[in-house]
Amino acid sequence: MKVKFTRPISLKEANTHYCSGCGHGISHRLVAEIIDELGLREKTIGVAPVGCAVVAYDYWNFDVCEAAHGRALAVATAIKRCKPDNFVFTYQGDGDLVSIGMAETFHTANRGENLACIFINNACYGMTGGQMAPTTLVGQATATTPWGRNPESKEGWPIRFSEILASLPGVAFAARASLSSPKEILKAREYIKKAFTNQLENKGFSIVEVLSPCPTVWQKSPVSAMKWIEEEMVKTFPLGIIKDK
Amino acid sequence: MSGNEAMAEAAIKAGCFFYAGYPITPQNEIPAYMAKRMKEEKRVFIQAESELAAINMVFGAAAAGVRALTSSSSPGVSLKQEGISYMAGAQLPAVIINVMRGGPGLGNIASSQSDYFQATRGGGHGDYFTPVLAPFCAEEAAGLVMLGFDMADYYRTPVLILADAIVGQMMEPVVMPAKSDFKKKLPAKTWALSGAINREPNIVKSFFLKEGGLETHNRKLKEKWETIKNNEQRFSGYKTEDAKYLIVAYGSEARIALEAVDILRKEKIKAGLFRPISLWPYPEAGLQKCAKNIKNILVVEQSLGQMLDDVKLSLPGKDIKFLGKTGGGIPSVADIVKQVKKLVTRPT
Ligand SMILES: Cc1ncc(C[n+]2csc(CCOP(=O)(O)OP(=O)(O)O)c2C)c(N)n1
Ligand code: SF4
């Protein structure tokens with residue numbers, strides 16, 4: 001019998017703490033597969049966020065640094081500048097990256113730091129129990145927008161941060177993918193690989209936004225969560241490459 | 001050179017490889033100096049977008065195993081507390097310079113010593129302390145920065161240099177020390193992030209979710225704080241041997257108090273100065289020994305009375321007097337002399 005599918009070396013054997021149908025596990029695996037593929041495991045320093053993926057180091061089999069909520073790219077900036085031969089990436093949720101860490105994200109991108117950033121957009125705050133995120137869709141109910149996010153009530157509009165970052169000269173690559181189907185997952189894989197190789201080629205800042213299911217907060221089954229991404233989320237967050245310098 | 005420049009050059013000499021900071025008076029000479037010198041030395045200088053970013057960059061640099069520095073002044077150091085707490089939890093070494101100015105709030109840019117509580121009581125959230133070193137002149141400031149890097153690496157902790165605007169701004173000749181007087185051998189940074197080659201992955205973290213995990217971790221930290229308390233109390237005395245009137249002051253205020261001691265001595269009043277150099281750990285053993293036979297103790301600060309608490313804790317039962325000015329007010333030589341003379345005329 002031929003083995004066709006195995007666990008990447010960059011992924012530890014561990015029981016998941018994520019909810020069933022959560023997208024974090026898929027994204028963790030994509031990151032690990034690509035690190036294996038590019039032979040980067042022994043050079044890699046990942047930076048984990050504060051959010052549901054706070055213990056990403058329980059799953060990844062390479063060096064990982066914690067960062068305070070929103071500060072992952074400040075931490076990563078320094079690691080990469082001090083250790084330019086290492087491969088450094090951050091993995092952050094939408095609350096972490098677009099809300100509390102917006103300044104760090106924006107300025108890291110603007111400096112054109114030679115980093116890869118994986119941005120998990122699940123349109124909510126998962127870890128703290130499903131509050132509104134900067135990416136929450138108009139009309140989407142959350143713990144803090146119980147009647148649905150309403151821009152008329154000054155709750156703001158969902159921020160398309162990847163597009164905003166793409167406008168900065170320091171950004172080499174910005175793309176948005178989704179985990180809603182095998183086809184889209186393969187696209188996400190392709191974009192992440194591109195972001196990682198960009199760093200190896202010294203191209204500057206690369207960001208891959210991943211529309212990721214959070215069935216628990218969305219109060220949907222894993223399958224209908226995937227459907228909701230395809231039918232609703234992509235209307236606000238269109239998929240594809242936004243910038244490729 | 002100014003105290004600020006002396007501290008910056010000392011960091012270079014100590015092998016500081018990474019600096020990040022955000023402009024704020026009265027410490028702007030430090031980032032300006034570092035911007036130039038770090039480039040010359042082919043090291044890393046970043047003007048960060050905020051103090052939050054700066055301290056978290058220092059977190060990253062420290063995690064990567066290099067010597068890292070940030071500097072700021074009071075309002076900026078408040079912002080850095082998040083990162084300092086994370087570094088204490090994750091046991092990351094770095095040096096943080098606070099050139100204190102007046103507060104609360106935006107306060108003013110005059111010299112002040114009103115961040116003593118913040119500096120010596122952890123400052124951020126959680127059960128922790130950071131060593132705090134307080135220089136009283138530019139040359140000592142340079143030496144303490146070097147010492148700070150050694151202590152940080154040895155104990156795996158952030159170390160705070162608590163200077164005030166006078167120490168930072170004053171221009172004076174400096175003989176740059178070659179290295180610090182720290183004697184212990186520094187351990188290899190086997191915990192640092194460098195890529196998991198021929199070893200298990202290293203993880204830098206302050207998060208311990210499993211039941212009992214944080215308690216175990218914090219107790220381990222507590223042992224470290226106790227070791228530091230036992231090993232690192234530093235102070236200096238001036239004419240304390242036969243003193244009947246003891247002034248306790250640190251930083252630039254100690255310098256002012258020195259002059260007051262000399263004037264009082266000329267007038268045959270036996271004054272002396274006890275000057276804490278480590279503010280945490282507070283040199284309580286040294287102070288107790290020094291103050292053993294002294295009834296009259298005067299604490300002088302550029303604050304409403306913060307170090308005063310530690311003097312009282314060190315010398316229970318003693319009657320301790322206080323002289324302080326706040327918001328940029330600086331107790332002068334004349335103020336101190338007058339206050340000590342009041343003690344002299346006091347019936348005992
Ligand atoms: C300074 C600070 N503020 C707030 C929190 C609480 N907190 C933890 S995770 C989080 C938001 C997480 O949302 P997101 O970044 O979108 O990640 P997700 O959990 O959805 O994966 C918040 C607000 C914190 N840990 N630190
Ligand atoms: S709350 Fe949402 S993001 Fe968090 S683990 Fe559960 S499904 Fe995943």
# chains A, B, ... in the order shown; residues from 1 in each chain; ligands from 1

$ residues_near_ligand --ligand "ligand 1" --cutoff "8 Å" --atoms "only C-alpha atoms and all ligand atoms" --output "PyMOL selection string"
(chain A and resi 24+49-53+68-70+92-97+100+120-128+130+133+214) or (chain B and resi 82)

$ write_last_selection --atoms "N, CA and C atoms" --output "CSV table (one decimal), in the first residue's frame"
chain,number,residue,atom,x,y,z
A,24,HIS,N,-9.3,27.0,12.1
A,24,HIS,CA,-7.9,27.2,12.5
A,24,HIS,C,-7.1,25.9,12.2
A,49,PRO,N,-0.8,34.5,18.0
A,49,PRO,CA,-1.6,35.7,18.4
A,49,PRO,C,-2.2,35.4,19.8
A,50,VAL,N,-3.0,36.4,20.3
A,50,VAL,CA,-3.9,36.1,21.3
A,50,VAL,C,-5.3,36.1,20.7
A,51,GLY,N,-6.0,35.0,20.9
A,51,GLY,CA,-7.2,34.7,20.2
A,51,GLY,C,-7.3,33.2,20.3
A,52,CYS,N,-8.3,32.6,19.6
A,52,CYS,CA,-8.4,31.1,19.7
A,52,CYS,C,-7.1,30.4,19.4
A,53,ALA,N,-6.3,31.0,18.5
A,53,ALA,CA,-5.0,30.3,18.1
A,53,ALA,C,-3.8,30.6,19.0
A,68,ALA,N,1.7,39.6,22.7
A,68,ALA,CA,0.5,40.2,23.4
A,68,ALA,C,-0.6,40.5,22.3
A,69,HIS,N,-1.8,40.6,22.7
A,69,HIS,CA,-2.9,40.8,21.8
A,69,HIS,C,-2.7,41.9,20.8
A,70,GLY,N,-2.6,41.6,19.6
A,70,GLY,CA,-2.4,42.6,18.5
A,70,GLY,C,-1.0,43.0,18.2
A,92,GLN,N,-2.6,35.5,12.8
A,92,GLN,CA,-3.5,36.4,13.7
A,92,GLN,C,-4.9,36.4,13.3
A,93,GLY,N,-5.8,36.5,14.3
A,93,GLY,CA,-7.2,36.7,14.0
A,93,GLY,C,-7.5,38.1,13.6
A,94,ASP,N,-8.8,38.3,13.3
A,94,ASP,CA,-9.2,39.6,12.8
A,94,ASP,C,-9.3,40.7,13.9
A,95,GLY,N,-9.6,40.2,15.2
A,95,GLY,CA,-9.6,41.2,16.3
A,95,GLY,C,-8.2,41.6,16.6
A,96,ASP,N,-7.3,40.6,16.6
A,96,ASP,CA,-5.9,40.8,16.9
A,96,ASP,C,-5.2,41.7,15.9
A,97,LEU,N,-5.5,41.4,14.6
A,97,LEU,CA,-4.8,42.1,13.5
A,97,LEU,C,-5.4,43.4,13.1
A,100,ILE,N,-7.2,45.7,17.8
A,100,ILE,CA,-6.3,46.2,18.8
A,100,ILE,C,-4.9,46.3,18.2
A,120,ILE,N,-6.5,35.4,9.8
A,120,ILE,CA,-7.6,34.5,9.9
A,120,ILE,C,-8.9,35.4,10.2
A,121,ASN,N,-9.7,35.5,9.1
A,121,ASN,CA,-10.9,36.4,9.2
A,121,ASN,C,-12.1,35.5,9.5
A,122,ASN,N,-12.6,35.4,10.7
A,122,ASN,CA,-13.8,34.7,11.0
A,122,ASN,C,-15.0,35.6,11.4
A,123,ALA,N,-14.8,36.9,11.1
A,123,ALA,CA,-15.9,37.9,11.3
A,123,ALA,C,-16.4,38.0,12.7
A,124,CYS,N,-15.5,37.5,13.7
A,124,CYS,CA,-16.0,37.7,15.1
A,124,CYS,C,-14.8,37.5,16.0
A,125,TYR,N,-15.0,37.7,17.3
A,125,TYR,CA,-14.0,37.4,18.3
A,125,TYR,C,-14.4,36.0,18.8
A,126,GLY,N,-13.6,35.0,18.5
A,126,GLY,CA,-14.0,33.6,18.9
A,126,GLY,C,-13.7,33.4,20.4
A,127,MET,N,-12.5,33.8,20.7
A,127,MET,CA,-12.0,33.4,22.1
A,127,MET,C,-12.8,34.0,23.2
A,128,THR,N,-13.2,35.2,23.0
A,128,THR,CA,-13.9,35.9,24.2
A,128,THR,C,-15.4,35.7,24.1
A,130,GLY,N,-17.5,35.5,21.1
A,130,GLY,CA,-18.3,35.9,19.9
A,130,GLY,C,-18.8,37.3,19.9
A,133,ALA,N,-16.3,41.9,15.6
A,133,ALA,CA,-15.0,42.1,15.2
A,133,ALA,C,-15.0,43.3,14.2
A,214,CYS,N,-16.3,29.8,11.8
A,214,CYS,CA,-16.4,29.7,13.3
A,214,CYS,C,-17.8,29.3,13.6
B,82,GLU,N,2.4,46.9,29.5
B,82,GLU,CA,1.9,45.6,28.9
B,82,GLU,C,3.0,44.7,28.6

$ select_by_dssp --residues "region 309-339 of chain B" --states "strand (DSSP E or B)" --output "PyMOL selection string"
chain B and resi 320-324

$ atom_distance --atom1 "CA of Arg71 (chain A)" --atom2 "CA of Leu52 (chain B)"
8.0 Å

$ closest_atom_pairs --of "chain B" --to "chain A" --cutoff "7 Å" --atoms "only C-alpha atoms" --output "Markdown table"
| residue | atom | partner | partner_atom | distance |
| --- | --- | --- | --- | --- |
| B:Val44 | CA | A:Arg81 | CA | 6.9 |
| B:Glu49 | CA | A:His107 | CA | 6.8 |
| B:Ala53 | CA | A:Ala74 | CA | 5.5 |
| B:Asn56 | CA | A:Val75 | CA | 5.3 |
| B:Met57 | CA | A:Val75 | CA | 4.6 |
| B:Val58 | CA | A:Ala78 | CA | 6.9 |
| B:Phe59 | CA | A:Val75 | CA | 6.2 |
| B:Gly60 | CA | A:Val75 | CA | 4.1 |
| B:Ala61 | CA | A:Ala78 | CA | 5.0 |
| B:Ala64 | CA | A:Ile79 | CA | 5.7 |
| B:Leu193 | CA | A:Asp63 | CA | 6.0 |
| B:Gly195 | CA | A:Lys43 | CA | 4.4 |
| B:Ala196 | CA | A:Glu42 | CA | 4.7 |
| B:Ile197 | CA | A:Glu42 | CA | 5.0 |
| B:Pro201 | CA | A:Asp63 | CA | 4.6 |
| B:Asn202 | CA | A:Asp63 | CA | 4.9 |
| B:Ile203 | CA | A:Val64 | CA | 5.0 |
| B:Val204 | CA | A:Cys65 | CA | 4.8 |
| B:Lys205 | CA | A:Glu66 | CA | 5.0 |

$ closest_residue --among "A:Glu209, A:Glu190, A:Glu163, A:Glu201" --to "Ser178 (chain A)" --atoms "only C-alpha atoms"
A:Glu209

$ closest_residue --among "A:Val234, A:Leu137, A:Val217, A:Leu211" --to "ligand 2" --atoms "only C-alpha atoms and all ligand atoms"
A:Val217

$ residues_around --residues "Ile118 (chain A)" --least-positions-apart "5" --cutoff "8 Å" --atoms "only C-alpha atoms" --output "ChimeraX atom specification"
/A:89-92,192,207-210

$ select_by_dssp --residues "region 115-241 of chain A" --states "alpha helix (DSSP H)" --output "ChimeraX atom specification"
/A:161-166,182-200,215-218,222-228,234-236

$ residues_around --residues "region 147-150 of chain B" --least-positions-apart "6" --cutoff "9 Å" --atoms "only C-alpha atoms" --output "number ranges by chain"
B: 11, 14-16, 67-69, 93-96, 131-133, 158-161, 179-182, 184, 186

$ closest_residue --among "B:Ser303, B:Lys289, B:Ala63, B:Ile46" --to "Met100 (chain B)" --atoms "only C-alpha atoms"
B:Ser303

$ residues_around --residues "Arg160 (chain A)" --least-positions-apart "3" --cutoff "10 Å" --atoms "only C-alpha atoms" --output "JSON, numbers by chain"
{"A": [98, 134, 135, 157, 163, 164, 165, 209, 236, 237, 238]}

$ closest_residue --among "A:Tyr18, A:Phe205, A:Phe119, A:Phe196" --to "ligand 2" --atoms "only C-alpha atoms and all ligand atoms"
A:Tyr18
